[in-house]
Structure formats: C-alpha cells, structure tokens
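For reference, upload_19.cif (mmCIF, C-alpha atoms):
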data_my_file
loop_
_atom_site.label_atom_id
_atom_site.label_comp_id
_atom_site.auth_asym_id
_atom_site.auth_seq_id
_atom_site.Cartn_x
_atom_site.Cartn_y
_atom_site.Cartn_z
CA MET A 1 77.27 40.66 119.06
CA ARG A 2 76.66 44.24 117.93
CA THR A 3 74.28 45.09 115.15
CA CYS A 4 75.18 46.82 111.88
CA GLN A 5 73.61 49.96 113.33
CA GLU A 6 76.02 49.80 116.24
CA PHE A 7 78.99 49.00 114.04
CA ALA A 8 78.18 52.03 111.89
CA GLU A 9 79.80 54.27 114.48
CA LEU A 10 83.06 52.40 113.97
CA TYR A 11 83.36 52.60 110.20
CA GLU A 12 85.62 55.64 109.99
CA LEU A 13 87.66 54.61 113.01
CA TYR A 14 88.22 51.25 111.42
CA VAL A 15 89.35 52.86 108.20
CA LEU A 16 91.60 55.14 110.19
CA GLY A 17 93.11 52.16 112.02
CA ALA A 18 92.02 53.80 115.25
CA LEU A 19 89.82 51.06 116.62
CA GLU A 20 90.58 49.34 119.89
CA ALA A 21 91.96 45.87 119.35
CA ASP A 22 88.87 44.08 120.63
CA ASP A 23 86.51 46.29 118.62
CA ARG A 24 88.59 45.72 115.55
CA SER A 25 88.62 41.99 116.02
CA GLU A 26 84.88 41.88 116.55
CA PHE A 27 84.19 44.09 113.53
CA GLU A 28 86.45 42.12 111.24
CA ASN A 29 84.69 38.94 112.28
CA HIS A 30 81.46 40.61 111.33
CA LEU A 31 82.81 41.75 107.99
CA GLY A 32 83.99 38.21 107.43
CA THR A 33 80.39 37.12 107.32
CA GLY A 34 79.99 39.13 104.13
CA CYS A 35 77.78 41.83 105.60
CA ALA A 36 76.83 44.01 102.62
CA VAL A 37 75.63 46.88 104.79
CA CYS A 38 78.88 47.22 106.68
CA SER A 39 80.95 46.66 103.54
CA ARG A 40 79.12 49.53 101.91
CA GLY A 41 79.54 51.54 105.07
CA ILE A 42 83.29 50.94 105.02
CA LYS A 43 83.48 52.05 101.43
CA ASP A 44 81.68 55.28 102.22
CA ALA A 45 83.84 55.78 105.29
CA THR A 46 86.92 55.32 103.14
CA SER A 47 85.72 58.08 100.84
CA LEU A 48 85.12 60.34 103.78
CA VAL A 49 88.46 59.62 105.38
CA SER A 50 90.16 60.08 102.03
CA LEU A 51 88.99 63.64 101.99
CA LEU A 52 91.06 64.25 105.10
CA ALA A 53 94.16 63.85 102.92
CA ALA A 54 93.60 67.47 101.96
CA MET A 55 93.70 68.48 105.62
CA PRO A 56 97.44 69.11 105.88
CA GLU A 57 98.85 72.32 104.53
CA GLN A 58 100.16 71.54 101.07
CA VAL A 59 103.90 72.06 100.79
CA GLN A 60 106.14 71.76 97.77
CA ALA A 61 108.25 68.62 97.73
CA PRO A 62 111.92 69.08 96.83
CA SER A 63 112.54 68.64 93.12
CA ARG A 64 115.20 66.05 93.86
CA LEU A 65 112.51 63.84 95.40
CA ARG A 66 110.84 63.37 92.03
CA ARG A 67 114.09 62.21 90.47
CA ARG A 68 114.72 59.97 93.44
CA VAL A 69 111.30 58.38 93.32
CA LEU A 70 111.41 57.81 89.58
CA ALA A 71 114.93 56.46 89.81
CA SER A 72 113.90 54.04 92.54
CA VAL A 73 111.33 52.44 90.27
CA GLY A 74 113.68 52.45 87.31
CA VAL A 75 111.75 55.02 85.32
CA GLU A 76 114.55 57.50 85.40
CA LYS A 77 118.20 56.82 85.85
CA PRO A 78 119.77 58.49 88.85
CA ARG A 79 121.07 61.83 87.72
CA TRP A 80 124.64 61.42 88.64
CA GLY A 81 125.57 63.32 85.51
CA TRP A 82 126.01 66.57 87.33
CA VAL A 83 128.13 64.82 89.94
CA VAL A 84 130.28 63.27 87.24
CA ALA A 85 130.49 66.60 85.47
CA PHE A 86 131.37 68.33 88.70
CA VAL A 87 134.01 65.77 89.61
CA ALA A 88 135.39 65.81 86.08
CA THR A 89 135.50 69.58 86.05
CA ALA A 90 137.07 69.69 89.49
CA ALA A 91 139.59 67.05 88.46
CA ALA A 92 140.40 68.93 85.27
CA LEU A 93 140.81 72.14 87.23
CA LEU A 94 142.98 70.38 89.76
CA VAL A 95 145.15 68.88 87.03
CA THR A 96 145.37 72.27 85.35
CA VAL A 97 146.29 73.99 88.59
CA LEU A 98 148.83 71.32 89.40
CA TRP A 99 150.22 71.50 85.87
CA LEU A 100 150.37 75.27 86.00
CA GLY A 101 151.92 75.06 89.43
CA SER A 102 154.37 72.53 88.13
CA GLN A 103 155.05 74.70 85.12
CA ASN A 104 155.41 77.72 87.34
CA ARG A 105 157.75 75.82 89.57
CA LYS A 106 159.64 74.60 86.52
CA ASN A 107 159.67 78.08 85.09
CA ASP A 108 160.73 79.55 88.41
CA LEU A 109 163.41 76.92 88.72
CA ALA A 110 164.58 77.46 85.14
CA LEU A 111 164.55 81.20 85.70
CA ALA A 112 166.51 80.83 88.91
CA GLU A 113 168.96 78.52 87.19
CA ALA A 114 169.29 80.94 84.29
CA ARG A 115 169.87 83.82 86.66
CA ALA A 116 172.45 81.80 88.57
CA GLU A 117 174.09 80.88 85.30
CA ILE A 118 174.11 84.51 84.25
CA ARG A 119 175.63 85.43 87.58
CA ARG A 120 178.22 82.69 87.13
CA VAL A 121 178.98 83.75 83.59
CA ALA A 122 179.11 87.38 84.64
CA ALA A 123 181.38 86.49 87.51
CA ASP A 124 183.53 84.38 85.23
CA LEU A 125 183.57 87.17 82.70
CA ALA A 126 184.51 89.69 85.34
CA SER A 127 187.18 87.35 86.61
CA ALA A 128 188.43 86.74 83.12
CA GLN A 129 188.39 90.47 82.47
CA SER A 130 190.26 91.08 85.68
CA ALA A 131 192.63 88.24 84.89
CA LEU A 132 193.22 89.67 81.41
CA GLU A 133 193.88 93.09 82.82
CA PHE A 134 196.04 91.44 85.48
CA LEU A 135 198.01 89.60 82.82
CA ASN A 136 198.43 92.76 80.78
CA GLU A 137 200.01 94.55 83.67
CA PRO A 138 203.76 94.78 82.96
CA GLU A 139 204.57 94.33 86.61
CA THR A 140 202.73 91.06 86.90
CA LYS A 141 204.90 88.10 87.69
CA GLN A 142 203.96 84.50 87.41
CA VAL A 143 204.97 81.10 88.69
CA VAL A 144 203.75 77.70 87.69
CA PHE A 145 202.83 74.87 89.97
CA GLY A 146 202.24 71.18 89.55
CA GLN A 147 204.54 70.85 86.63
CA GLY A 148 205.86 67.35 86.40
CA GLN A 149 203.28 66.07 88.83
CA GLN A 150 201.30 63.11 87.64
CA GLN A 151 198.34 64.07 89.75
CA PRO A 152 196.56 67.37 89.34
CA PRO A 153 196.27 70.17 90.05
CA ARG A 154 198.40 72.23 87.87
CA GLY A 155 198.37 75.89 86.95
CA ARG A 156 199.80 79.36 87.44
CA VAL A 157 199.90 81.97 90.12
CA LEU A 158 200.27 85.56 88.98
CA LEU A 159 201.23 88.28 91.37
CA ASN A 160 201.11 92.01 91.02
CA ALA A 161 202.29 94.24 93.80
CA GLN A 162 199.37 96.64 93.29
CA ARG A 163 196.64 94.34 92.02
CA GLY A 164 197.10 91.26 94.13
CA VAL A 165 197.29 87.51 93.43
CA LEU A 166 195.65 85.64 90.56
CA LEU A 167 195.33 81.86 90.71
CA MET A 168 194.61 79.89 87.56
CA ALA A 169 194.31 76.16 88.16
CA ALA A 170 193.30 73.11 86.18
CA HIS A 171 192.56 69.59 87.28
CA LEU A 172 191.32 70.96 90.56
CA PRO A 173 188.15 69.07 91.36
CA PRO A 174 185.49 70.94 93.34
CA ALA A 175 186.13 70.84 97.04
CA PRO A 176 184.04 68.21 98.85
CA THR A 177 180.66 69.21 100.22
CA GLY A 178 181.01 71.31 103.33
CA SER A 179 184.49 72.43 102.42
CA ILE A 180 186.09 75.05 100.23
CA TYR A 181 189.44 76.01 98.84
CA GLU A 182 191.35 78.71 100.68
CA LEU A 183 194.22 80.70 99.22
CA TRP A 184 197.17 81.50 101.41
CA VAL A 185 199.93 84.02 100.94
CA ILE A 186 202.84 82.69 102.87
CA PRO A 187 205.38 85.27 103.96
CA LYS A 188 208.98 84.52 104.48
CA GLN A 189 208.49 85.34 108.08
CA GLY A 190 205.38 84.67 110.06
CA ALA A 191 202.19 82.72 109.61
CA PRO A 192 200.36 82.21 106.32
CA ARG A 193 197.87 84.97 105.59
CA PRO A 194 194.36 83.88 104.60
CA SER A 195 193.74 85.37 101.15
CA GLY A 196 190.26 84.35 100.19
CA LEU A 197 187.97 81.42 99.53
CA PHE A 198 187.10 79.99 96.14
CA GLN A 199 185.69 76.96 94.45
CA SER A 200 186.59 75.29 91.20
CA ASN A 201 183.98 74.61 88.54
CA GLY A 202 182.66 71.32 87.38
CA GLN A 203 185.43 70.99 84.83
CA GLY A 204 188.04 71.26 87.55
CA ASN A 205 189.13 74.74 86.56
CA ALA A 206 189.56 77.62 88.94
CA LEU A 207 190.24 81.29 88.34
CA TYR A 208 190.52 83.32 91.49
CA LEU A 209 191.74 86.87 91.92
CA ARG A 210 192.65 88.14 95.30
CA GLY A 211 192.76 91.90 94.96
CA GLY A 212 194.90 94.25 96.93
CA ALA A 213 198.52 95.07 97.33
CA VAL A 214 201.02 92.29 97.87
CA ASP A 215 204.46 92.72 99.36
CA LEU A 216 206.27 90.53 96.93
CA PRO A 217 209.74 90.71 98.46
CA SER A 218 208.47 89.36 101.75
CA THR A 219 206.33 86.61 100.18
CA SER A 220 207.74 83.12 99.91
CA ALA A 221 204.84 81.18 98.41
CA VAL A 222 201.18 81.03 97.52
CA ALA A 223 199.32 77.92 98.66
CA VAL A 224 195.88 76.40 98.55
CA THR A 225 194.31 74.17 101.16
CA VAL A 226 190.94 72.54 101.64
CA GLU A 227 189.16 74.18 104.54
CA PRO A 228 185.75 74.12 106.15
CA ALA A 229 183.14 76.05 104.17
CA SER A 230 183.46 79.07 106.44
CA GLY A 231 187.20 79.21 105.89
CA SER A 232 190.01 79.15 108.42
CA ASP A 233 192.36 81.66 109.93
CA ALA A 234 195.23 79.20 109.58
CA PRO A 235 195.65 76.17 107.33
CA THR A 236 194.11 73.04 108.80
CA SER A 237 195.15 70.65 106.05
CA THR A 238 198.13 69.88 103.89
CA PRO A 239 198.31 72.27 100.93
CA ILE A 240 197.26 70.79 97.59
CA VAL A 241 198.86 73.68 95.73
CA VAL A 242 202.14 75.28 96.61
CA ALA A 243 203.59 77.89 94.29
CA PRO A 244 206.95 79.20 95.53
CA VAL A 245 207.42 82.88 94.70
CA GLY A 246 210.60 83.57 96.59
CA GLY A 247 212.56 84.23 93.45
CA LEU A 248 210.26 86.95 92.04
CA MET B 1 104.96 56.67 87.20
CA ALA B 2 106.06 60.21 86.46
CA ASP B 3 102.43 61.25 85.93
CA LEU B 4 101.44 59.50 89.12
CA TYR B 5 104.10 61.29 91.10
CA ASP B 6 103.32 64.63 89.49
CA ARG B 7 99.72 64.20 90.48
CA TYR B 8 100.06 62.87 94.01
CA GLY B 9 103.65 63.46 95.02
CA ARG B 10 102.98 66.81 96.63
CA ALA B 11 99.95 65.57 98.54
CA ALA B 12 101.82 62.48 99.71
CA TYR B 13 104.80 64.54 100.78
CA SER B 14 102.61 67.09 102.58
CA LEU B 15 100.70 64.38 104.37
CA ILE B 16 103.75 62.42 105.39
CA LEU B 17 105.63 65.54 106.45
CA ARG B 18 102.68 66.59 108.62
CA ILE B 19 102.83 63.24 110.36
CA VAL B 20 106.55 62.68 110.75
CA ARG B 21 107.56 66.37 110.90
CA ASN B 22 110.96 65.67 109.42
CA THR B 23 111.76 66.49 105.79
CA GLY B 24 114.45 63.83 105.40
CA VAL B 25 112.23 61.11 106.78
CA ALA B 26 109.33 62.40 104.72
CA GLU B 27 111.36 62.08 101.53
CA ASP B 28 112.33 58.52 102.45
CA LEU B 29 108.73 57.59 103.12
CA VAL B 30 107.46 59.22 99.94
CA GLN B 31 109.94 57.13 98.00
CA GLU B 32 108.87 54.05 99.92
CA THR B 33 105.23 54.85 99.26
CA PHE B 34 105.60 55.19 95.52
CA LEU B 35 107.86 52.17 95.34
CA ARG B 36 105.22 50.12 97.14
CA VAL B 37 102.52 51.44 94.86
CA TRP B 38 104.64 50.78 91.80
CA ASN B 39 105.36 47.21 92.84
CA ARG B 40 101.69 46.51 93.38
CA ILE B 41 100.16 48.59 90.65
CA HIS B 42 99.62 45.56 88.45
CA ALA B 43 96.97 44.46 90.94
CA PHE B 44 95.20 47.80 90.90
CA HIS B 45 91.71 47.76 89.46
CA SER B 46 90.33 51.19 88.76
CA GLU B 47 86.78 49.92 88.90
CA ARG B 48 87.36 48.97 92.51
CA GLY B 49 88.46 52.36 93.65
CA ALA B 50 90.52 55.47 93.25
CA LEU B 51 94.24 55.32 92.67
CA GLY B 52 94.86 58.58 94.52
CA VAL B 53 93.04 57.35 97.58
CA TRP B 54 95.14 54.22 97.58
CA ILE B 55 98.40 56.14 97.24
CA LEU B 56 97.56 58.55 100.04
CA THR B 57 96.38 55.69 102.22
CA VAL B 58 99.68 53.94 101.72
CA ALA B 59 101.49 57.23 102.42
CA ARG B 60 99.59 57.78 105.64
CA ASN B 61 100.12 54.23 106.84
CA ARG B 62 103.84 54.35 106.11
CA ALA B 63 104.17 57.60 108.03
CA ILE B 64 102.15 56.48 111.03
CA ASP B 65 104.02 53.20 111.18
CA TYR B 66 107.26 55.16 111.15
CA VAL B 67 106.14 57.37 114.04
CA ARG B 68 104.90 54.36 115.95
CA SER B 69 108.18 52.53 115.45
CA VAL B 70 110.06 55.55 116.74
CA ASP B 71 107.72 55.80 119.69
CA GLY B 72 108.01 52.08 120.33
CA ARG B 73 104.36 51.58 119.68
CA ILE B 74 102.71 48.78 117.79
CA SER B 75 102.54 49.27 114.06
CA LEU B 76 99.33 50.49 112.56
CA GLY B 77 99.43 47.22 110.75
CA ALA B 78 98.50 48.99 107.56
CA SER B 79 95.25 47.13 107.72
CA GLU B 80 95.19 45.07 104.61
CA PHE B 81 91.69 46.23 103.97
CA GLU B 82 92.85 49.80 103.92
CA GLU B 83 95.66 49.15 101.54
CA GLN B 84 93.91 46.71 99.28
CA GLU B 85 94.48 47.99 95.82
CA GLY B 86 91.56 50.13 94.90
CA SER B 87 89.41 49.37 97.90
CA GLY B 88 87.26 52.14 99.21
CA ALA B 89 86.40 55.27 97.36
CA SER B 90 84.93 55.00 93.93
CA ALA B 91 86.89 55.74 90.83
CA ASP B 92 84.70 58.77 90.25
CA PHE B 93 86.09 60.11 93.45
CA GLU B 94 89.54 60.26 91.89
CA GLN B 95 89.22 63.61 90.26
CA ASP B 96 87.99 65.24 93.40
CA ILE B 97 90.25 64.04 96.12
CA LEU B 98 92.58 67.01 96.11
CA SER B 99 90.55 69.53 94.19
CA THR B 100 90.26 73.07 95.40
CA ASP B 101 86.53 72.70 95.87
CA ARG B 102 86.97 69.58 97.98
CA ALA B 103 89.64 71.25 100.04
CA ARG B 104 87.32 74.19 100.64
CA LEU B 105 84.47 71.92 101.65
CA LEU B 106 86.77 70.07 103.99
CA ARG B 107 87.93 73.31 105.57
CA ASP B 108 84.31 74.38 106.01
CA ALA B 109 83.47 71.05 107.59
CA LEU B 110 86.44 71.12 109.92
CA ALA B 111 85.51 74.66 110.89
CA LYS B 112 82.26 73.34 112.31
CA LEU B 113 84.12 71.13 114.76
CA ASN B 114 84.93 72.42 118.18
CA THR B 115 88.51 72.31 119.41
CA ASN B 116 88.21 68.92 121.08
CA GLN B 117 86.43 67.37 118.11
CA ARG B 118 89.07 68.75 115.75
CA GLU B 119 91.82 67.44 117.98
CA VAL B 120 90.50 63.90 118.17
CA ILE B 121 90.02 63.76 114.41
CA GLU B 122 93.58 64.92 113.88
CA MET B 123 94.90 62.40 116.39
CA ALA B 124 93.01 59.63 114.65
CA TYR B 125 94.08 60.70 111.19
CA TYR B 126 97.63 61.84 111.73
CA GLU B 127 98.57 59.38 114.43
CA GLY B 128 96.13 56.52 114.15
CA LEU B 129 95.42 56.73 117.87
CA SER B 130 92.61 54.65 119.29
CA GLN B 131 90.03 56.34 121.46
CA SER B 132 91.62 54.99 124.63
CA GLU B 133 94.98 56.32 123.49
CA MET B 134 93.39 59.70 122.83
CA ALA B 135 91.83 59.64 126.28
CA GLU B 136 95.19 58.93 127.82
CA ARG B 137 96.89 61.62 125.75
CA MET B 138 94.23 64.21 126.55
CA LYS B 139 93.85 63.03 130.13
CA GLN B 140 90.10 62.79 129.64
CA PRO B 141 87.64 60.00 130.42
CA LEU B 142 87.25 57.49 127.58
CA GLY B 143 83.53 58.20 127.46
CA THR B 144 84.20 61.89 126.88
CA VAL B 145 86.61 61.17 124.06
CA LYS B 146 84.15 58.78 122.45
CA THR B 147 81.53 61.51 122.58
CA TRP B 148 83.89 63.94 120.89
CA VAL B 149 84.77 61.39 118.21
CA ARG B 150 81.19 60.47 117.59
CA GLY B 151 80.18 64.12 117.35
CA ALA B 152 83.02 64.98 115.02
CA LEU B 153 82.29 62.13 112.66
CA LYS B 154 78.62 63.00 112.62
CA ILE B 155 79.43 66.55 111.54
CA LEU B 156 81.92 65.43 108.93
CA ARG B 157 79.51 62.88 107.47
CA ALA B 158 76.81 65.49 107.28
CA GLN B 159 79.06 68.09 105.70
CA LEU B 160 80.94 65.84 103.34
CA ALA B 161 78.49 63.09 102.56
CA GLN B 162 77.32 64.72 99.38
CA VAL B 163 80.82 64.88 98.01
CA ALA B 164 82.27 61.79 99.61
CA LEU B 165 79.61 59.34 98.63
#
Would you write the structure of this file as structure tokens?
Amino acid sequence: MRTCQEFAELYELYVLGALEADDRSEFENHLGTGCAVCSRGIKDATSLVSLLAAMPEQVQAPSRLRRRVLASVGVEKPRWGWVVAFVATAAALLVTVLWLGSQNRKNDLALAEARAEIRRVAADLASAQSALEFLNEPETKQVVFGQGQQQPPRGRVLLNAQRGVLLMAAHLPPAPTGSIYELWVIPKQGAPRPSGLFQSNGQGNALYLRGGAVDLPSTSAVAVTVEPASGSDAPTSTPIVVAPVGGL
Amino acid sequence: MADLYDRYGRAAYSLILRIVRNTGVAEDLVQETFLRVWNRIHAFHSERGALGVWILTVARNRAIDYVRSVDGRISLGASEFEEQEGSGASADFEQDILSTDRARLLRDALAKLNTNQREVIEMAYYEGLSQSEMAERMKQPLGTVKTWVRGALKILRAQLAQVAL
C-alpha cells in the first residue's frame, strides 16, 4: 500500500481520469478510508486542472447554439418563428405567383378568345358586306334549296358571273370534328369543281362566298358535301345540299 | 440558465471543439453538457465548489467520452468524483477560472514546459490518456513518459499553486 506522499503524484492524473486502472482502483480504495490529506490534495488538484480549461484557444460559439441550449432546457421556446414566417411568406408568394399566373393565363385566354371573336366578327362582317354587295349586284341570280324538306338544311345559293357563288344556309349543323363542308360547282359536263371549304357556326348558319368568275350557262348545280378537314378534289360523300342552277 | 450559458458557453464550446474537432459534434455536446448541468443543478452546492469548474468538467468528460466511443476505447467513465456537483475547486475560484489574468498565468506556466511535457499534459487533458497510453502513442518507454508527466505537473503546481489553491 502506497503512502499519501506517494499518492500525491497521482492527484492530478486522477482528476484528469488519466490514471491506469490498477492505480485508480488502489487510490480510490485509499480515498474510501476517508484520508483527509488525499481528499485535500484532490481538491487542490481539481483547482489546478480546472485552470487548464483556459488552455484551448477561445472561439465564438454559433449564436444558434445559445437558442438551442436554452430551448433544450425549456427556458426558451425553439425559434421556429422565422421558419414559419419564411414558409408563410414563401407560400403567400407562391399563391400570388400562381394566382397571377392563373390570371395571366385567364387574361391571355380571354384576350385570345376576344381576338378570335373579333376575327370571327370581322370575317362575318366582311362576308356579310360581300354578301350584301353580292345581293345588290343586278346580275346576281339566286336559287333556293331544301324547300319542302322536313330536315335541314335550307337556304339560298346566289351566283354572279363576275363575283362568284354565295351560299347562305340555315339548319346546317357544324361539320363533325375532323371534317368540313366543301362547296362544289357542278358543270353540265365534266366533274364537279371544288369551290372552297367552309364551316357553319354554332347556330347552324353558314354564309360562304366563293369569289371569282362563274360560267353560269355551263353550270348545272351547286352542291355541298362533308369532306375531310383538308378538303377533297372530288366529292367523297353524298351531297347534303344540292341547288340546281340549270335554269338561270 | 441563460446567464450560465452566457458565462460558460463559449469556454465549454471552445474546450469541446478542441477535443472533438468537429463543430457539429461540439454543438451537440455543448447542448448535452448544459442539459446535464441543468438537470442536476438542484443538487449543486456553491459552498462545495465552483459552478464553472463543474460545467467545464462535465464538458470535458462528455467530449472525451465521445472521442473514446468513436475510437472504440473505454469511456472515461466521467469519474463520479470529478462530476460530483461542486466537488473540487472552491467557490472563490469561480470568478477566476476564465479570467484574463488566469489565462495569462496559465500561458506563462505552459511556456515553462518543454515540448514533451506540454504534449503529455495536453494528451492527459484533451484525451484523458493514461501514462501507458501516452507511452504507446509517443512510442516512448513508460518510465520516460512518467518522468515527463511528473516534471510537467511539478512545474504547473509551482506556477499555478498561488492562484489555484
């Protein structure tokens, strides 16, 4: 058994936890006897070792660590406020951007629809203007079709040797998707001549002017068929409109 | 707790960071240190010792235990004596533990150590290595290491006794 004098060399190492296992065991047994000398020695050694805490270079701890430490002991609530604020702000911005995007898309769509409507109205107006001028021409002749039919369509075909053919139809539902109406000028001799593609409106009305000179004496009829959207060089279906013009 | 952290947080963080050399781990261990102190502070008796000493002792033990667990070595065991609330330095010591004057005296004392003596003190303090572990690390005879340790402690006692006691 070592003496207190011999143990004195171990005080700091004991405090540092740097004693060998057997030395530690032996020393703790000694301390267990209530040795006042060694207990005092340990206290002094603890003071000495404590001074070594200033040995490391002092560095600044991150500010978040203080919040974290205080939050962990319940002194300060975790500061999620900035996260909430950030998320809320981001969400608000996102909603705003989406709304603006939606509004822009709506506005763009409305604008596009308005422009299309203007184009349609302008086209209709131009057609109506042309039709009016066409009708006012003294040389314009007209025939009716569909009269007496129970099923539509019905309407008129107006022909002018210099200005062409004008079709005015009612009860002519829009051609099915992927198809279109095609006007034919059918001569007395030879194959029907393709004379333009058109579509009726949602109300089932159609106003179509095929400009250009028409040889009325050689024309027997004006007809309309349903054709593929790109049109056909020759009728591929039974005419839904046939307006005989042989007597003009 | 806020005052306690404001007073010793930096020292605890610096000490732990020096031992573990990883800022993320250091932050975790600082939190663990103060949580441990907070949970046991009801048992602290100022007349038995200095609060700062206790906190930094806990900080050091937590850090060394972490390094030892990573290295697969046996835990320091945070010798219960070391971490007994308030054991060790006197309460009067509290004001001085991290003071500029104390730090200067410590630097002066450490400056009197030779390279080997400084190294063994650092290994004991920062790593909790035993003298045989130091000998193995330094590839020196155990007797030589013990001589260095003994000499270093003698110098430190002489230089710091007047302020440490």
Next item on the list: Please determine the contact residues of chain A with respect to chain B at a cut-off of 9 Å, counting all atoms listed in the file, and supply them as a PyMOL selection string.
Entry: chain A and resi 9+12-21+40+42-62+65-66+68-70+72-73+75-76
Margin query: Since I can't run it myself right now, could you work out what the PyMOL selection byres ((chain A and resi 178-184) around 10) selects here and report it as JSON, numbers by chain?
Written below: {"A": [165, 167, 172, 174, 175, 176, 177, 185, 186, 187, 191, 192, 193, 194, 195, 196, 197, 198, 199, 200, 208, 209, 210, 221, 222, 223, 224, 225, 226, 227, 228, 229, 230, 231, 232, 233, 234, 235, 239, 240, 241, 242]}
Notebook entry, point to check: Taking into account only C-alpha atoms, which residue in the set A:Phe27, A:Phe145, A:Tyr11, A:Phe134 is nearest to A:Ala161?
Noted result: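 Ranking A:Phe27, A:Phe145, A:Tyr11, A:Phe134 by distance to A:Ala161, first place goes to A:Phe134.
Taking only C-alpha atoms into account, A:Asn205 lies nearest to A:Pro152 out of the set A:Gly41, A:Gly34, A:Gly146, A:Pro152.
Across the model, the gap from atom CA of B:Gly24 to atom CA of B:Ser69 is 16.4 Å.
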Notebook entry, point to check: Taking into account all atoms listed in the file, which residue in the set A:Lys188, A:Leu109, A:Ala243, A:Arg115 is nearest to A:Pro217?
Noted result: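 When distances to A:Pro217 are compared using all atoms listed in the file, the smallest one comes from A:Lys188.
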Notebook entry, point to check: Need the neighbours of (198.0, 96.9, 91.7): which residues are at most 12 Å away, counting all atoms listed in the file, as a list in words?
Noted result: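 Applying the cut-off with all atoms listed in the file, one gets Ser130, Glu133, Phe134, Leu135, Asn136, Glu137, Pro138, Glu139, Thr140, Lys141, Leu158, Leu159, Asn160, Ala161, Gln162, Arg163, Gly164, Val165, Leu166, Leu209, Arg210, Gly211, Gly212, Ala213, Val214, Asp215 and Leu216 of chain A.
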Please, could N, CA and C atoms be added to stretch 141-161 of chain B and the result written as a compact mmCIF listing (two decimals), in the coordinates of the input?
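Contents of part38.txt, freshly written:
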# COMPACT_ATOMS: atom_id res chain seq x y z
N PRO B 141 88.31 61.30 130.34
CA PRO B 141 87.64 60.00 130.42
C PRO B 141 87.38 59.45 129.02
N LEU B 142 87.46 58.11 128.88
CA LEU B 142 87.25 57.49 127.58
C LEU B 142 85.87 57.84 127.03
N GLY B 143 84.89 57.88 127.91
CA GLY B 143 83.53 58.20 127.46
C GLY B 143 83.47 59.58 126.83
N THR B 144 84.20 60.51 127.42
CA THR B 144 84.20 61.89 126.88
C THR B 144 84.82 61.92 125.50
N VAL B 145 85.92 61.20 125.36
CA VAL B 145 86.61 61.17 124.06
C VAL B 145 85.71 60.52 123.02
N LYS B 146 85.04 59.45 123.41
CA LYS B 146 84.15 58.78 122.45
C LYS B 146 83.04 59.72 122.01
N THR B 147 82.57 60.54 122.93
CA THR B 147 81.53 61.51 122.58
C THR B 147 82.06 62.52 121.57
N TRP B 148 83.28 62.98 121.82
CA TRP B 148 83.89 63.94 120.89
C TRP B 148 84.08 63.31 119.50
N VAL B 149 84.54 62.06 119.50
CA VAL B 149 84.77 61.39 118.21
C VAL B 149 83.45 61.20 117.49
N ARG B 150 82.49 60.72 118.20
CA ARG B 150 81.19 60.47 117.59
C ARG B 150 80.60 61.76 117.02
N GLY B 151 80.71 62.82 117.80
CA GLY B 151 80.18 64.12 117.35
C GLY B 151 80.93 64.64 116.13
N ALA B 152 82.22 64.49 116.15
CA ALA B 152 83.02 64.98 115.02
C ALA B 152 82.69 64.23 113.74
N LEU B 153 82.59 62.92 113.85
CA LEU B 153 82.29 62.13 112.66
C LEU B 153 80.89 62.42 112.13
N LYS B 154 79.99 62.68 113.04
CA LYS B 154 78.62 63.00 112.62
C LYS B 154 78.61 64.28 111.79
N ILE B 155 79.36 65.28 112.27
CA ILE B 155 79.43 66.55 111.54
C ILE B 155 80.09 66.35 110.18
N LEU B 156 81.19 65.62 110.19
CA LEU B 156 81.92 65.43 108.93
C LEU B 156 81.07 64.66 107.92
N ARG B 157 80.38 63.64 108.39
CA ARG B 157 79.51 62.88 107.47
C ARG B 157 78.46 63.80 106.88
N ALA B 158 77.89 64.61 107.74
CA ALA B 158 76.81 65.49 107.28
C ALA B 158 77.32 66.51 106.27
N GLN B 159 78.50 67.04 106.55
CA GLN B 159 79.06 68.09 105.70
C GLN B 159 79.66 67.56 104.41
N LEU B 160 80.19 66.33 104.50
CA LEU B 160 80.94 65.84 103.34
C LEU B 160 80.25 64.70 102.62
N ALA B 161 79.14 64.26 103.15
CA ALA B 161 78.49 63.09 102.56
C ALA B 161 78.19 63.30 101.09
